$ cat work_19.pdb   # PDB, C-alpha atoms, pLDDT in the B column
ATOM      1  CA  MET A   1      36.431 -44.333  -4.396  1.00 80.00           C
ATOM      2  CA  GLU A   2      34.727 -40.927  -4.325  1.00 93.00           C
ATOM      3  CA  LYS A   3      32.416 -40.874  -1.322  1.00 96.00           C
ATOM      4  CA  MET A   4      28.965 -39.335  -1.192  1.00 98.00           C
ATOM      5  CA  ASN A   5      26.223 -38.348   1.198  1.00 98.00           C
ATOM      6  CA  LEU A   6      23.202 -37.293  -0.843  1.00 98.00           C
ATOM      7  CA  HIS A   7      20.623 -36.903   1.932  1.00 98.00           C
ATOM      8  CA  ILE A   8      21.334 -34.100   4.415  1.00 98.00           C
ATOM      9  CA  HIS A   9      19.027 -31.631   6.163  1.00 98.00           C
ATOM     10  CA  SER A  10      20.261 -28.155   7.026  1.00 98.00           C
ATOM     11  CA  GLU A  11      18.678 -25.387   9.071  1.00 98.00           C
ATOM     12  CA  TYR A  12      16.372 -24.816   6.087  1.00 98.00           C
ATOM     13  CA  SER A  13      14.502 -27.948   7.177  1.00 98.00           C
ATOM     14  CA  TRP A  14      12.072 -27.551  10.065  1.00 96.00           C
ATOM     15  CA  ASP A  15      13.680 -30.403  12.018  1.00 97.00           C
ATOM     16  CA  SER A  16      17.370 -29.505  11.685  1.00 98.00           C
ATOM     17  CA  LYS A  17      19.628 -26.737  12.977  1.00 98.00           C
ATOM     18  CA  MET A  18      22.776 -27.540  11.003  1.00 98.00           C
ATOM     19  CA  LYS A  19      24.521 -24.690   9.234  1.00 98.00           C
ATOM     20  CA  ILE A  20      25.546 -25.396   5.651  1.00 98.00           C
ATOM     21  CA  SER A  21      29.018 -24.052   6.449  1.00 98.00           C
ATOM     22  CA  ASP A  22      29.409 -26.652   9.217  1.00 98.00           C
ATOM     23  CA  ILE A  23      28.116 -29.422   6.966  1.00 98.00           C
ATOM     24  CA  ALA A  24      30.662 -28.551   4.273  1.00 98.00           C
ATOM     25  CA  ARG A  25      33.530 -28.322   6.748  1.00 98.00           C
ATOM     26  CA  ILE A  26      32.802 -31.627   8.493  1.00 98.00           C
ATOM     27  CA  LEU A  27      32.228 -33.589   5.303  1.00 98.00           C
ATOM     28  CA  ALA A  28      35.358 -32.165   3.678  1.00 98.00           C
ATOM     29  CA  GLU A  29      37.331 -33.237   6.748  1.00 97.00           C
ATOM     30  CA  HIS A  30      35.994 -36.784   6.275  1.00 97.00           C
ATOM     31  CA  GLY A  31      36.884 -36.866   2.587  1.00 97.00           C
ATOM     32  CA  ILE A  32      33.302 -36.821   1.307  1.00 98.00           C
ATOM     33  CA  LYS A  33      33.493 -35.664  -2.302  1.00 98.00           C
ATOM     34  CA  TYR A  34      29.784 -35.132  -3.049  1.00 98.00           C
ATOM     35  CA  ALA A  35      27.022 -34.026  -0.712  1.00 98.00           C
ATOM     36  CA  ALA A  36      23.422 -33.028  -1.334  1.00 98.00           C
ATOM     37  CA  ILE A  37      21.474 -30.639   0.857  1.00 98.00           C
ATOM     38  CA  THR A  38      18.013 -32.186   0.625  1.00 98.00           C
ATOM     39  CA  ASP A  39      15.887 -29.924   2.766  1.00 98.00           C
ATOM     40  CA  HIS A  40      12.299 -30.832   3.493  1.00 98.00           C
ATOM     41  CA  VAL A  41       9.354 -29.450   1.614  1.00 98.00           C
ATOM     42  CA  GLU A  42       6.082 -30.219   3.362  1.00 96.00           C
ATOM     43  CA  PHE A  43       3.281 -28.324   1.733  1.00 96.00           C
ATOM     44  CA  ASP A  44       0.931 -29.063   4.623  1.00 93.00           C
ATOM     45  CA  ARG A  45       3.122 -27.111   7.053  1.00 92.00           C
ATOM     46  CA  GLU A  46       4.827 -24.450   4.879  1.00 95.00           C
ATOM     47  CA  THR A  47       3.446 -21.795   2.549  1.00 96.00           C
ATOM     48  CA  MET A  48       4.807 -21.492  -0.967  1.00 96.00           C
ATOM     49  CA  ASP A  49       6.058 -17.986  -0.183  1.00 97.00           C
ATOM     50  CA  PHE A  50       8.098 -19.293   2.735  1.00 97.00           C
ATOM     51  CA  ILE A  51       9.427 -22.227   0.688  1.00 97.00           C
ATOM     52  CA  ARG A  52      10.537 -19.878  -2.074  1.00 97.00           C
ATOM     53  CA  TYR A  53      12.194 -17.550   0.444  1.00 97.00           C
ATOM     54  CA  LYS A  54      14.181 -20.300   2.148  1.00 98.00           C
ATOM     55  CA  PHE A  55      15.444 -21.833  -1.095  1.00 98.00           C
ATOM     56  CA  PHE A  56      16.485 -18.474  -2.560  1.00 98.00           C
ATOM     57  CA  LYS A  57      18.463 -17.854   0.624  1.00 98.00           C
ATOM     58  CA  ARG A  58      19.881 -21.371   0.613  1.00 98.00           C
ATOM     59  CA  SER A  59      20.990 -21.083  -3.024  1.00 98.00           C
ATOM     60  CA  HIS A  60      23.204 -18.147  -2.118  1.00 97.00           C
ATOM     61  CA  GLU A  61      24.826 -20.093   0.732  1.00 98.00           C
ATOM     62  CA  LEU A  62      25.439 -23.139  -1.442  1.00 98.00           C
ATOM     63  CA  ASN A  63      27.133 -21.011  -4.085  1.00 98.00           C
ATOM     64  CA  GLU A  64      29.392 -19.455  -1.467  1.00 98.00           C
ATOM     65  CA  MET A  65      30.337 -22.809   0.074  1.00 98.00           C
ATOM     66  CA  ASN A  66      31.067 -24.365  -3.322  1.00 98.00           C
ATOM     67  CA  LYS A  67      33.462 -21.501  -4.066  1.00 98.00           C
ATOM     68  CA  GLN A  68      35.140 -21.846  -0.677  1.00 98.00           C
ATOM     69  CA  TYR A  69      35.532 -25.639  -0.917  1.00 98.00           C
ATOM     70  CA  GLU A  70      36.186 -25.933  -4.647  1.00 97.00           C
ATOM     71  CA  GLY A  71      38.199 -29.059  -5.357  1.00 96.00           C
ATOM     72  CA  LYS A  72      37.427 -30.541  -1.943  1.00 97.00           C
ATOM     73  CA  ILE A  73      33.691 -31.110  -1.920  1.00 98.00           C
ATOM     74  CA  LYS A  74      30.760 -30.429  -4.232  1.00 98.00           C
ATOM     75  CA  LEU A  75      27.481 -29.449  -2.566  1.00 98.00           C
ATOM     76  CA  LEU A  76      24.423 -30.328  -4.645  1.00 98.00           C
ATOM     77  CA  SER A  77      21.138 -28.465  -4.421  1.00 98.00           C
ATOM     78  CA  ALA A  78      18.333 -30.940  -3.787  1.00 98.00           C
ATOM     79  CA  VAL A  79      14.989 -31.237  -2.059  1.00 98.00           C
ATOM     80  CA  GLU A  80      13.012 -33.936  -0.251  1.00 98.00           C
ATOM     81  CA  ILE A  81       9.293 -33.489  -0.901  1.00 98.00           C
ATOM     82  CA  SER A  82       6.808 -35.277   1.320  1.00 98.00           C
ATOM     83  CA  GLU A  83       3.898 -36.900  -0.519  1.00 98.00           C
ATOM     84  CA  PRO A  84       4.593 -35.074  -3.820  1.00 98.00           C
ATOM     85  CA  GLN A  85       1.684 -36.852  -5.526  1.00 97.00           C
ATOM     86  CA  TRP A  86      -0.722 -34.741  -3.439  1.00 96.00           C
ATOM     87  CA  TYR A  87       0.741 -31.439  -4.633  1.00 97.00           C
ATOM     88  CA  LYS A  88       1.373 -31.725  -8.365  1.00 96.00           C
ATOM     89  CA  GLU A  89       0.932 -28.032  -9.197  1.00 96.00           C
ATOM     90  CA  GLN A  90       3.101 -26.893  -6.299  1.00 97.00           C
ATOM     91  CA  VAL A  91       5.862 -29.369  -7.145  1.00 97.00           C
ATOM     92  CA  GLN A  92       5.858 -28.286 -10.776  1.00 97.00           C
ATOM     93  CA  MET A  93       6.015 -24.630  -9.772  1.00 97.00           C
ATOM     94  CA  LEU A  94       8.853 -25.233  -7.314  1.00 97.00           C
ATOM     95  CA  THR A  95      10.978 -27.198  -9.772  1.00 97.00           C
ATOM     96  CA  GLU A  96      10.457 -24.551 -12.446  1.00 96.00           C
ATOM     97  CA  ILE A  97      11.644 -21.779 -10.109  1.00 97.00           C
ATOM     98  CA  PHE A  98      14.650 -23.620  -8.686  1.00 97.00           C
ATOM     99  CA  ASP A  99      17.191 -25.500 -10.740  1.00 95.00           C
ATOM    100  CA  PHE A 100      17.595 -28.419  -8.335  1.00 98.00           C
ATOM    101  CA  ASP A 101      20.183 -31.073  -9.039  1.00 98.00           C
ATOM    102  CA  PHE A 102      17.603 -33.686  -8.077  1.00 98.00           C
ATOM    103  CA  VAL A 103      14.220 -34.114  -6.443  1.00 98.00           C
ATOM    104  CA  MET A 104      13.662 -36.793  -3.827  1.00 98.00           C
ATOM    105  CA  GLY A 105      10.158 -37.957  -2.990  1.00 98.00           C
ATOM    106  CA  SER A 106       9.342 -39.562   0.348  1.00 98.00           C
ATOM    107  CA  ILE A 107       6.327 -40.921   2.154  1.00 98.00           C
ATOM    108  CA  HIS A 108       6.232 -39.674   5.740  1.00 97.00           C
ATOM    109  CA  HIS A 109       2.523 -39.814   6.564  1.00 95.00           C
ATOM    110  CA  ILE A 110       1.478 -43.456   6.930  1.00 96.00           C
ATOM    111  CA  PRO A 111      -2.261 -44.228   6.948  1.00 94.00           C
ATOM    112  CA  ASN A 112      -3.693 -46.011  10.009  1.00 96.00           C
ATOM    113  CA  LEU A 113      -0.274 -46.183  11.692  1.00 95.00           C
ATOM    114  CA  LYS A 114      -1.595 -45.125  15.089  1.00 93.00           C
ATOM    115  CA  THR A 115      -5.036 -46.690  14.875  1.00 96.00           C
ATOM    116  CA  SER A 116      -4.555 -50.176  13.429  1.00 96.00           C
ATOM    117  CA  LYS A 117      -2.827 -53.136  15.048  1.00 95.00           C
ATOM    118  CA  ASN A 118      -2.725 -55.013  11.746  1.00 97.00           C
ATOM    119  CA  LYS A 119       0.888 -54.497  10.703  1.00 97.00           C
ATOM    120  CA  LYS A 120       0.509 -56.225   7.348  1.00 97.00           C
ATOM    121  CA  TYR A 121      -2.438 -54.023   6.429  1.00 97.00           C
ATOM    122  CA  VAL A 122      -0.738 -50.775   7.440  1.00 98.00           C
ATOM    123  CA  THR A 123       2.422 -51.842   5.613  1.00 98.00           C
ATOM    124  CA  TYR A 124       0.340 -52.527   2.508  1.00 98.00           C
ATOM    125  CA  LEU A 125      -1.173 -49.025   2.737  1.00 98.00           C
ATOM    126  CA  TYR A 126       2.284 -47.484   3.085  1.00 98.00           C
ATOM    127  CA  TYR A 127       3.637 -49.212  -0.009  1.00 98.00           C
ATOM    128  CA  GLN A 128       0.518 -48.290  -1.975  1.00 98.00           C
ATOM    129  CA  LYS A 129       1.307 -44.644  -1.223  1.00 98.00           C
ATOM    130  CA  VAL A 130       4.879 -45.231  -2.345  1.00 98.00           C
ATOM    131  CA  LEU A 131       3.609 -46.719  -5.606  1.00 98.00           C
ATOM    132  CA  GLU A 132       1.246 -43.781  -6.139  1.00 98.00           C
ATOM    133  CA  MET A 133       4.148 -41.376  -5.604  1.00 98.00           C
ATOM    134  CA  ILE A 134       6.342 -43.217  -8.094  1.00 98.00           C
ATOM    135  CA  GLU A 135       3.665 -43.421 -10.770  1.00 98.00           C
ATOM    136  CA  ASN A 136       2.923 -39.728 -10.364  1.00 96.00           C
ATOM    137  CA  GLY A 137       6.443 -39.002 -11.624  1.00 94.00           C
ATOM    138  CA  MET A 138       8.013 -35.596 -10.950  1.00 96.00           C
ATOM    139  CA  ILE A 139      10.801 -37.078  -8.782  1.00 98.00           C
ATOM    140  CA  ASP A 140      14.240 -38.509  -9.453  1.00 98.00           C
ATOM    141  CA  VAL A 141      14.932 -40.480  -6.277  1.00 98.00           C
ATOM    142  CA  VAL A 142      12.645 -42.558  -4.047  1.00 98.00           C
ATOM    143  CA  GLY A 143      13.592 -41.693  -0.480  1.00 98.00           C
ATOM    144  CA  HIS A 144      14.046 -44.224   2.317  1.00 97.00           C
ATOM    145  CA  LEU A 145      12.015 -47.104   0.932  1.00 97.00           C
ATOM    146  CA  ASP A 146      11.033 -49.362   3.889  1.00 96.00           C
ATOM    147  CA  TYR A 147      10.456 -46.314   6.133  1.00 96.00           C
ATOM    148  CA  ILE A 148       7.519 -48.216   7.665  1.00 96.00           C
ATOM    149  CA  ASP A 149      10.073 -50.551   9.301  1.00 95.00           C
ATOM    150  CA  LYS A 150      11.146 -47.639  11.499  1.00 93.00           C
ATOM    151  CA  TYR A 151       7.921 -48.153  13.421  1.00 95.00           C
ATOM    152  CA  TYR A 152       7.518 -51.935  13.199  1.00 94.00           C
ATOM    153  CA  HIS A 153      11.174 -53.020  13.459  1.00 89.00           C
ATOM    154  CA  GLY A 154      10.500 -55.809  11.000  1.00 90.00           C
ATOM    155  CA  ASP A 155       9.408 -56.510   7.440  1.00 94.00           C
ATOM    156  CA  TYR A 156       5.667 -57.060   6.904  1.00 97.00           C
ATOM    157  CA  SER A 157       5.691 -56.306   3.181  1.00 97.00           C
ATOM    158  CA  ASP A 158       4.200 -58.376   0.383  1.00 97.00           C
ATOM    159  CA  SER A 159       6.725 -59.616  -2.187  1.00 97.00           C
ATOM    160  CA  ASN A 160       4.373 -59.065  -5.137  1.00 98.00           C
ATOM    161  CA  GLN A 161       3.694 -55.491  -4.085  1.00 98.00           C
ATOM    162  CA  ILE A 162       7.414 -54.799  -3.692  1.00 98.00           C
ATOM    163  CA  ALA A 163       8.109 -56.267  -7.143  1.00 98.00           C
ATOM    164  CA  GLU A 164       5.483 -53.946  -8.617  1.00 98.00           C
ATOM    165  CA  ILE A 165       7.110 -50.967  -6.900  1.00 98.00           C
ATOM    166  CA  LEU A 166      10.613 -51.824  -8.078  1.00 98.00           C
ATOM    167  CA  HIS A 167       9.449 -52.241 -11.672  1.00 98.00           C
ATOM    168  CA  ALA A 168       7.569 -48.927 -11.452  1.00 98.00           C
ATOM    169  CA  ILE A 169      10.742 -47.167 -10.305  1.00 98.00           C
ATOM    170  CA  LYS A 170      12.527 -48.438 -13.402  1.00 97.00           C
ATOM    171  CA  GLU A 171       9.617 -47.621 -15.732  1.00 98.00           C
ATOM    172  CA  HIS A 172       9.397 -44.032 -14.485  1.00 98.00           C
ATOM    173  CA  ASN A 173      13.152 -43.442 -14.823  1.00 98.00           C
ATOM    174  CA  GLN A 174      13.691 -43.071 -11.090  1.00 98.00           C
ATOM    175  CA  ILE A 175      16.175 -44.675  -8.711  1.00 98.00           C
ATOM    176  CA  ILE A 176      16.266 -45.528  -5.030  1.00 98.00           C
ATOM    177  CA  GLU A 177      18.514 -44.235  -2.331  1.00 98.00           C
ATOM    178  CA  ILE A 178      20.346 -46.380   0.180  1.00 98.00           C
ATOM    179  CA  ASN A 179      19.465 -44.591   3.397  1.00 98.00           C
ATOM    180  CA  THR A 180      21.786 -45.400   6.300  1.00 97.00           C
ATOM    181  CA  SER A 181      19.542 -43.982   9.035  1.00 96.00           C
ATOM    182  CA  ALA A 182      17.874 -47.372   9.562  1.00 93.00           C
ATOM    183  CA  GLU A 183      20.525 -48.390  12.072  1.00 89.00           C
ATOM    184  CA  ARG A 184      20.149 -45.405  14.387  1.00 91.00           C
ATOM    185  CA  ARG A 185      16.380 -45.122  13.942  1.00 89.00           C
ATOM    186  CA  ALA A 186      15.267 -48.729  14.115  1.00 86.00           C
ATOM    187  CA  GLY A 187      18.274 -50.945  14.792  1.00 87.00           C
ATOM    188  CA  LEU A 188      18.064 -52.227  11.214  1.00 89.00           C
ATOM    189  CA  ASN A 189      20.726 -52.337   8.534  1.00 90.00           C
ATOM    190  CA  LEU A 190      19.549 -50.052   5.753  1.00 95.00           C
ATOM    191  CA  PHE A 191      16.464 -48.525   4.146  1.00 96.00           C
ATOM    192  CA  PRO A 192      15.619 -50.478   2.010  1.00 97.00           C
ATOM    193  CA  SER A 193      16.700 -53.844   3.344  1.00 95.00           C
ATOM    194  CA  ILE A 194      19.595 -55.698   1.758  1.00 96.00           C
ATOM    195  CA  TYR A 195      17.122 -58.260   0.432  1.00 96.00           C
ATOM    196  CA  LYS A 196      15.106 -55.565  -1.364  1.00 97.00           C
ATOM    197  CA  LEU A 197      18.323 -54.082  -2.719  1.00 98.00           C
ATOM    198  CA  SER A 198      19.201 -57.487  -4.166  1.00 97.00           C
ATOM    199  CA  GLN A 199      15.761 -57.619  -5.796  1.00 98.00           C
ATOM    200  CA  TYR A 200      16.236 -54.100  -7.140  1.00 98.00           C
ATOM    201  CA  LYS A 201      19.551 -55.158  -8.694  1.00 98.00           C
ATOM    202  CA  LEU A 202      17.652 -57.617 -10.896  1.00 97.00           C
ATOM    203  CA  ILE A 203      15.786 -54.662 -12.415  1.00 96.00           C
ATOM    204  CA  SER A 204      18.103 -51.658 -12.154  1.00 96.00           C
ATOM    205  CA  ASP A 205      21.429 -50.781 -10.586  1.00 96.00           C
ATOM    206  CA  ASN A 206      21.601 -47.009 -10.037  1.00 98.00           C
ATOM    207  CA  VAL A 207      21.452 -45.798  -6.425  1.00 98.00           C
ATOM    208  CA  THR A 208      22.369 -42.854  -4.272  1.00 98.00           C
ATOM    209  CA  ILE A 209      23.677 -43.113  -0.712  1.00 98.00           C
ATOM    210  CA  GLY A 210      22.631 -40.800   2.103  1.00 98.00           C
ATOM    211  CA  THR A 211      22.608 -40.675   5.897  1.00 98.00           C
ATOM    212  CA  ASP A 212      19.434 -38.572   6.237  1.00 98.00           C
ATOM    213  CA  ALA A 213      21.446 -36.433   8.638  1.00 98.00           C
ATOM    214  CA  HIS A 214      19.729 -33.860  10.838  1.00 98.00           C
ATOM    215  CA  ARG A 215      22.650 -33.472  13.242  1.00 98.00           C
ATOM    216  CA  GLU A 216      26.399 -33.166  12.840  1.00 98.00           C
ATOM    217  CA  THR A 217      26.953 -36.555  14.475  1.00 97.00           C
ATOM    218  CA  GLU A 218      24.944 -38.200  11.666  1.00 98.00           C
ATOM    219  CA  LEU A 219      26.843 -36.791   8.701  1.00 98.00           C
ATOM    220  CA  VAL A 220      28.974 -39.880   7.995  1.00 97.00           C
ATOM    221  CA  ASP A 221      26.745 -42.411   9.753  1.00 96.00           C
ATOM    222  CA  ASN A 222      27.163 -45.946   8.341  1.00 95.00           C
ATOM    223  CA  LEU A 223      28.372 -44.748   4.926  1.00 97.00           C
ATOM    224  CA  ASP A 224      31.064 -47.422   4.779  1.00 95.00           C
ATOM    225  CA  SER A 225      28.445 -50.173   5.162  1.00 94.00           C
ATOM    226  CA  ALA A 226      26.342 -48.740   2.346  1.00 97.00           C
ATOM    227  CA  GLU A 227      29.362 -48.531   0.060  1.00 96.00           C
ATOM    228  CA  TYR A 228      30.286 -52.128   0.899  1.00 96.00           C
ATOM    229  CA  ILE A 229      26.764 -53.314   0.021  1.00 97.00           C
ATOM    230  CA  CYS A 230      26.983 -51.485  -3.306  1.00 97.00           C
ATOM    231  CA  GLU A 231      30.199 -53.296  -4.133  1.00 97.00           C
ATOM    232  CA  GLU A 232      28.842 -56.685  -3.045  1.00 97.00           C
ATOM    233  CA  LEU A 233      25.609 -56.342  -5.033  1.00 97.00           C
ATOM    234  CA  GLY A 234      27.126 -54.569  -8.043  1.00 98.00           C
ATOM    235  CA  LEU A 235      25.076 -51.397  -7.591  1.00 98.00           C
ATOM    236  CA  GLN A 236      26.179 -48.224  -9.363  1.00 98.00           C
ATOM    237  CA  ARG A 237      26.459 -45.133  -7.177  1.00 98.00           C
ATOM    238  CA  VAL A 238      25.308 -41.999  -8.981  1.00 98.00           C
ATOM    239  CA  ILE A 239      25.140 -38.273  -8.373  1.00 98.00           C
ATOM    240  CA  PHE A 240      22.968 -35.759 -10.186  1.00 98.00           C
ATOM    241  CA  GLU A 241      23.745 -32.525 -11.988  1.00 97.00           C
ATOM    242  CA  LYS A 242      20.644 -30.536 -12.969  1.00 97.00           C
ATOM    243  CA  ARG A 243      18.593 -33.749 -12.795  1.00 97.00           C
ATOM    244  CA  LYS A 244      21.001 -35.666 -15.042  1.00 97.00           C
ATOM    245  CA  ARG A 245      22.644 -38.778 -13.624  1.00 97.00           C
ATOM    246  CA  LYS A 246      26.377 -39.234 -13.455  1.00 96.00           C
ATOM    247  CA  VAL A 247      27.781 -42.631 -12.477  1.00 96.00           C
ATOM    248  CA  LEU A 248      30.741 -42.475 -10.115  1.00 93.00           C
TER     249      LEU A 248
END
$ encode --input "work_19.pdb" --output "structure tokens"
Amino acid sequence: MEKMNLHIHSEYSWDSKMKISDIARILAEHGIKYAAITDHVEFDRETMDFIRYKFFKRSHELNEMNKQYEGKIKLLSAVEISEPQWYKEQVQMLTEIFDFDFVMGSIHHIPNLKTSKNKKYVTYLYYQKVLEMIENGMIDVVGHLDYIDKYYHGDYSDSNQIAEILHAIKEHNQIIEINTSAERRAGLNLFPSIYKLSQYKLISDNVTIGTDAHRETELVDNLDSAEYICEELGLQRVIFEKRKRKVL
């Protein structure tokens, strides 16, 4: 089985210091065949000029590492955009300039998280933002669904709302990632939960797997568990090449 980690943050993300050269070396040593550098884009904290600069510089490094590790590991060029539905023009401009292998969209800013004690209500607001992001299009992968559980350490979601989200993912030709950071961040199994993955399987079966690594110690975190769940549920692991899916 060809292993993957399609959610990694390098020093080109504001919250990571990992060098791409170290990422490639460590993953190659662990037999990871495909890896995606999915650096953050947060338009509320970075200017477009800075974003363009960092991705031009990163593209050069990725090309060099792919030459050096040819036949051992393939590094994909990807991006994780926070709240992409708020920045349609900027997202379109960015994806026209850079030939990303895929675009991941994630919700990081959760309404009323710090002000409301009503967990069901805040969870509802979070998933409504997820749905808005999905219906806006412009992305290929929905990042860390269930991210709200990082803060609540439990599932307060509404089954009808989740069903609507999963159908919207299918309708908009997107897929979800299995994000293994749930264990280290919240003591949970995966983002999304195994139950939601089983519900997703009734609608679609393409997924990516990623550790959401920001540190070297997180680069192979819980990948075996995610791969086992894929086998048990019959989910198809995919990679992307220039925004085209390829089933492994």
$ atom_distance --input "work_19.pdb" --atom1 "CA of Ala28 (chain A)" --atom2 "CA of Ile81 (chain A)"
26.5 Å
$ closest_residue --input "work_19.pdb" --among "A:Gln85, A:Ser204, A:Asn118, A:Ser13" --to "Leu166 (chain A)" --atoms "all atoms listed in the file"
A:Ser204
$ resolve_selection --input "work_19.pdb" --expression "the PyMOL selection byres ((chain A and resi 113) around 12)" --output "VMD selection string"
chain A and resid 108 to 112 114 to 126 148 to 152
$ residues_around --input "work_19.pdb" --residues "Glu216 (chain A)" --least-positions-apart "4" --cutoff "12 Å" --atoms "only C-alpha atoms" --output "VMD selection string"
chain A and resid 8 to 11 16 to 27 211 to 212 220 to 221
$ atom_distance --input "work_19.pdb" --atom1 "CA of Glu218 (chain A)" --atom2 "CA of Arg185 (chain A)"
11.2 Å
